[in-house]
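One structure is given below, encoded as structure tokens.
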Amino acid sequence: MQASHSGSSRQTVLIVDDTPDNIDVMTEVLSPHYLTKVALNGERALKIAAGDNKPDIILLDIMMPGISGYDVCQRLKRNSSTQGIPVIFVTAMNEIEDEQKGLALGAVDYITKPISPAIVLARVRTHLALYDQTRELERLVALRTAELEKTRSQIIRRLGRAAEFKDNETGNHVIRMSHYARLTAQAAGLSSGAVDILFHAAPMHDVGKIGIPDNILLKPGKLDELEWEVMHQHPAMGAEIIGDHKDELLQAAHCVAITHHEKWDGTGYPKGLKGEEIPIYGRIVAIADVFDALTSERPYKKAWTVEAALQMIEEGAGRHFDPGLMPAFRQAMPDMLKIKEQYSEDKGALTDLDFTAPQ
């Protein structure tokens, strides 16, 4: 009993039956139209179904030694890689209760023996067509979801840069500090998913600056007490602009907006959070933001040297910054300096592509 392999573009039917004569009959009916694979027991059927070249549909006997067809179906439906494959029971068990049980286990159809070739072909053709439609719909949904996620990320980045343009001509600060946060998070051992979320959320850290009057935000000298009170409102303003969402990326953006000015010793703002009360995203962004602010020229100051900025941040460990993040910050520094040069202000405003994390 050999499976038919004429025509590699044809769909594949897996026939599972412990009786060779039954397999021969089914293969004779189906092989002129489909590629056929065969299994004489449930264990072999599960192995084939979970392989690289999965069948497009499975015709499954119920009464078999070892694992029954019912058990095979249950296992297929519990496995995320095989649960979508349509299963048709083909069996001599012809009681209504048998059919009901088979369908309840997730089978799409139930054919009784002895089979009618025309019925088998019609049922297989119908369920393969439905399966093809389902897979195409899933592909289109995944494609559209990816497009929407890309658009969402671009909107977040654009809004973050829009806020930064008020006191930074290019808006490149959000690009640099987002990379600094990404590199520090990687060195600190955050998961790749968390690193990616932080990287794409970090540009929103100062979005609340949109609500700060220009005479305060762009003041070339030191702010007085009342002006500082206004400036201290921008984290809360940013969190309000972003809002509360179930979306993980927007939750992270809300987090960095409201917490990036909190300090390890509890003297930060707006909530005076202390130590690990400050979410890890906020602790990392605090370091990345201050490092870039210190090493960049602003209306009220000249750029610090990297060495002076490093010294200031390390001296602030345990007061302003999480001391546990200092080793990761130092480890990430060589790559951070490359980012600093690559996205320097004298190169002008950069494009959305500059938010792509290097691989």
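Order determines the names: the first chain of the structure tokens is A, the second B, and so forth; residues in each chain are numbered 1 upward, and ligands are numbered 1 upward as they are shown.
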(request) Find the residues near region 55-64 of chain A: any atom within 10 Å, counting only C-alpha atoms, skip ones fewer than 5 places away on the same chain, and give them as a PyMOL selection string. (result) chain A and resi 10-19+22+26+34-42+45+48-50+69-73+82+84-93+98+102+107+109-113+120+124-125+127-128+131-132
I need the chosen residues saved as a short mmCIF file (atom, residue, chain, number, x, y, z; two decimals), in the first residue's frame, with C-alpha atoms.
data_model
loop_
_atom_site.label_atom_id
_atom_site.label_comp_id
_atom_site.auth_asym_id
_atom_site.auth_seq_id
_atom_site.Cartn_x
_atom_site.Cartn_y
_atom_site.Cartn_z
CA ARG A 10 -2.55 18.46 -4.86
CA GLN A 11 -4.07 18.43 -1.41
CA THR A 12 -3.19 15.60 0.97
CA VAL A 13 -5.60 13.17 2.60
CA LEU A 14 -4.46 11.04 5.53
CA ILE A 15 -6.34 7.72 5.71
CA VAL A 16 -6.24 6.01 9.11
CA ASP A 17 -7.55 2.44 9.45
CA ASP A 18 -6.16 -0.74 11.00
CA THR A 19 -7.56 -2.89 8.16
CA ASN A 22 -10.20 -0.69 3.94
CA MET A 26 -10.17 4.45 0.27
CA TYR A 34 -5.54 13.84 -4.01
CA LEU A 35 -2.20 12.86 -2.56
CA THR A 36 -2.83 10.12 -0.01
CA LYS A 37 -0.97 9.10 3.10
CA VAL A 38 -1.88 6.10 5.21
CA ALA A 39 -1.58 5.00 8.83
CA LEU A 40 -2.50 1.61 10.28
CA ASN A 41 -2.84 2.89 13.87
CA GLY A 42 -3.48 6.00 15.91
CA ALA A 45 -1.54 8.95 12.44
CA ILE A 48 2.14 12.10 10.46
CA ALA A 49 -0.32 14.83 11.38
CA ALA A 50 2.26 16.62 13.53
CA GLY A 69 -10.12 7.05 16.64
CA TYR A 70 -11.93 9.03 19.32
CA ASP A 71 -8.68 9.40 21.27
CA VAL A 72 -6.76 10.38 18.13
CA CYS A 73 -9.31 13.07 17.37
CA THR A 82 -3.10 20.10 14.28
CA GLY A 84 -7.45 23.03 12.56
CA ILE A 85 -7.12 19.93 10.35
CA PRO A 86 -10.64 18.69 9.50
CA VAL A 87 -11.35 15.12 10.66
CA ILE A 88 -13.99 12.86 9.09
CA PHE A 89 -14.80 9.66 10.96
CA VAL A 90 -15.21 6.68 8.63
CA THR A 91 -16.54 3.75 10.64
CA ALA A 92 -18.87 0.78 10.84
CA MET A 93 -20.29 2.22 14.06
CA ASP A 98 -21.70 7.20 17.87
CA GLY A 102 -17.65 11.92 17.02
CA ALA A 107 -14.93 15.98 13.78
CA ASP A 109 -18.34 14.81 9.41
CA TYR A 110 -19.21 11.13 9.95
CA ILE A 111 -19.35 8.51 7.18
CA THR A 112 -20.48 4.94 7.80
CA LYS A 113 -19.09 1.80 6.22
CA VAL A 120 -16.66 10.09 0.25
CA VAL A 124 -13.87 15.34 1.24
CA ARG A 125 -14.20 17.96 -1.50
CA HIS A 127 -14.57 20.03 3.75
CA LEU A 128 -11.32 20.73 1.94
CA TYR A 131 -10.70 24.42 5.20
CA ASP A 132 -9.08 26.37 2.36
#
(request) Any chance you could list, as a PyMOL selection string, the residues in region 95-305 of chain A that come up alpha helix (DSSP H) when DSSP is run on the backbone? (result) chain A and resi 96-104+117-164+172-187+192-201+214-217+225-231+234-242+248-259+280-294
Filtering to C-alpha atoms, could you give me those residues as a tab-separated table (two decimals), in the first residue's frame?
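This went into out.tsv:
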chain	number	residue	atom	x	y	z
A	96	ILE	CA	-26.78	7.98	16.23
A	97	GLU	CA	-24.98	8.15	19.59
A	98	ASP	CA	-21.70	7.20	17.87
A	99	GLU	CA	-22.08	9.99	15.34
A	100	GLN	CA	-22.99	12.50	18.04
A	101	LYS	CA	-19.91	11.58	20.05
A	102	GLY	CA	-17.65	11.92	17.02
A	103	LEU	CA	-18.97	15.37	16.14
A	104	ALA	CA	-18.77	16.46	19.79
A	117	PRO	CA	-17.21	6.40	-3.27
A	118	ALA	CA	-19.34	9.29	-4.51
A	119	ILE	CA	-20.27	10.31	-0.96
A	120	VAL	CA	-16.66	10.09	0.25
A	121	LEU	CA	-15.43	12.24	-2.63
A	122	ALA	CA	-18.21	14.79	-2.15
A	123	ARG	CA	-17.65	15.09	1.61
A	124	VAL	CA	-13.87	15.34	1.24
A	125	ARG	CA	-14.20	17.96	-1.50
A	126	THR	CA	-16.64	20.03	0.58
A	127	HIS	CA	-14.57	20.03	3.75
A	128	LEU	CA	-11.32	20.73	1.94
A	129	ALA	CA	-12.94	23.75	0.31
A	130	LEU	CA	-14.15	24.99	3.69
A	131	TYR	CA	-10.70	24.42	5.20
A	132	ASP	CA	-9.08	26.37	2.36
A	133	GLN	CA	-11.48	29.26	2.94
A	134	THR	CA	-10.75	29.22	6.67
A	135	ARG	CA	-6.99	29.26	6.14
A	136	GLU	CA	-7.22	32.09	3.61
A	137	LEU	CA	-9.39	34.10	5.99
A	138	GLU	CA	-6.91	33.51	8.81
A	139	ARG	CA	-4.07	34.65	6.53
A	140	LEU	CA	-5.92	37.83	5.59
A	141	VAL	CA	-6.80	38.54	9.22
A	142	ALA	CA	-3.17	38.06	10.27
A	143	LEU	CA	-2.00	40.33	7.46
A	144	ARG	CA	-4.50	43.03	8.38
A	145	THR	CA	-3.63	42.71	12.06
A	146	ALA	CA	0.06	43.19	11.26
A	147	GLU	CA	-0.78	46.26	9.18
A	148	LEU	CA	-2.87	47.72	12.00
A	149	GLU	CA	-0.12	47.06	14.55
A	150	LYS	CA	2.40	48.79	12.29
A	151	THR	CA	0.08	51.77	11.88
A	152	ARG	CA	-0.53	51.94	15.61
A	153	SER	CA	3.20	51.92	16.32
A	154	GLN	CA	3.81	54.66	13.77
A	155	ILE	CA	1.10	56.84	15.33
A	156	ILE	CA	2.65	56.40	18.76
A	157	ARG	CA	6.10	57.30	17.44
A	158	ARG	CA	4.82	60.30	15.50
A	159	LEU	CA	2.98	61.65	18.53
A	160	GLY	CA	6.08	61.20	20.67
A	161	ARG	CA	8.23	63.07	18.17
A	162	ALA	CA	5.60	65.79	17.79
A	163	ALA	CA	5.92	66.54	21.50
A	164	GLU	CA	9.71	66.54	21.26
A	172	ASN	CA	15.74	62.72	17.39
A	173	HIS	CA	15.84	62.61	21.19
A	174	VAL	CA	12.99	60.09	21.25
A	175	ILE	CA	14.80	57.89	18.74
A	176	ARG	CA	18.05	57.88	20.69
A	177	MET	CA	16.51	57.36	24.12
A	178	SER	CA	14.23	54.61	22.79
A	179	HIS	CA	17.31	52.75	21.59
A	180	TYR	CA	19.09	53.45	24.89
A	181	ALA	CA	16.11	51.97	26.74
A	182	ARG	CA	16.06	48.96	24.40
A	183	LEU	CA	19.75	48.25	24.88
A	184	THR	CA	19.58	48.65	28.65
A	185	ALA	CA	16.52	46.38	28.85
A	186	GLN	CA	18.28	43.72	26.78
A	187	ALA	CA	21.36	43.86	28.99
A	192	SER	CA	12.55	39.85	23.85
A	193	GLY	CA	8.83	40.65	23.89
A	194	ALA	CA	9.20	43.07	26.80
A	195	VAL	CA	12.21	44.71	25.15
A	196	ASP	CA	10.24	45.23	21.94
A	197	ILE	CA	7.24	46.67	23.80
A	198	LEU	CA	9.47	49.09	25.72
A	199	PHE	CA	11.31	50.14	22.57
A	200	HIS	CA	8.08	51.08	20.83
A	201	ALA	CA	6.47	52.67	23.91
A	214	ASP	CA	6.26	77.36	25.46
A	215	ASN	CA	7.44	80.16	27.76
A	216	ILE	CA	8.18	77.48	30.36
A	217	LEU	CA	9.27	74.62	28.13
A	225	GLU	CA	9.14	77.37	41.70
A	226	LEU	CA	5.80	78.06	40.02
A	227	GLU	CA	7.19	77.12	36.61
A	228	TRP	CA	8.48	73.85	38.02
A	229	GLU	CA	5.03	73.10	39.38
A	230	VAL	CA	3.67	73.46	35.85
A	231	MET	CA	6.50	71.40	34.36
A	234	HIS	CA	3.62	66.77	32.11
A	235	PRO	CA	3.82	63.07	33.19
A	236	ALA	CA	0.19	63.15	34.31
A	237	MET	CA	-0.76	65.06	31.16
A	238	GLY	CA	0.98	62.43	29.04
A	239	ALA	CA	-0.79	59.59	30.81
A	240	GLU	CA	-4.12	61.34	30.28
A	241	ILE	CA	-3.38	61.88	26.58
A	242	ILE	CA	-2.58	58.18	26.13
A	248	GLU	CA	-0.21	46.05	25.79
A	249	LEU	CA	1.76	48.65	23.85
A	250	LEU	CA	-0.50	51.52	24.94
A	251	GLN	CA	-0.37	50.27	28.53
A	252	ALA	CA	3.43	50.42	28.35
A	253	ALA	CA	3.30	53.91	26.81
A	254	HIS	CA	1.00	55.05	29.64
A	255	CYS	CA	3.43	53.52	32.14
A	256	VAL	CA	6.55	55.28	30.84
A	257	ALA	CA	4.70	58.59	30.52
A	258	ILE	CA	3.52	58.59	34.15
A	259	THR	CA	6.62	57.04	35.81
A	280	ILE	CA	10.72	48.41	35.41
A	281	TYR	CA	9.81	50.25	32.20
A	282	GLY	CA	9.78	53.56	34.06
A	283	ARG	CA	13.09	52.82	35.80
A	284	ILE	CA	14.81	52.02	32.51
A	285	VAL	CA	13.37	55.00	30.65
A	286	ALA	CA	14.46	57.28	33.50
A	287	ILE	CA	18.10	56.33	32.90
A	288	ALA	CA	17.84	56.48	29.10
A	289	ASP	CA	16.05	59.84	29.18
A	290	VAL	CA	18.49	61.51	31.57
A	291	PHE	CA	21.54	60.20	29.73
A	292	ASP	CA	20.33	61.63	26.44
A	293	ALA	CA	19.19	64.88	28.05
A	294	LEU	CA	22.59	65.37	29.68
(message) Taking only region 66-158 of chain A into account, list the residues labelled strand (DSSP E) by DSSP (computed from the backbone), as a VMD selection string.
(response) chain A and resid 87 to 91 109 to 112
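Atom pair CA of His245 (chain A) / CA of His260 (chain A) has a distance of 18.9 Å (rounded to one decimal).
The residue that comes closest to Pro327 (chain A), out of A:Ser296, A:Ala308, A:Glu314, A:Leu273 and on the basis of only C-alpha atoms, is A:Glu314.
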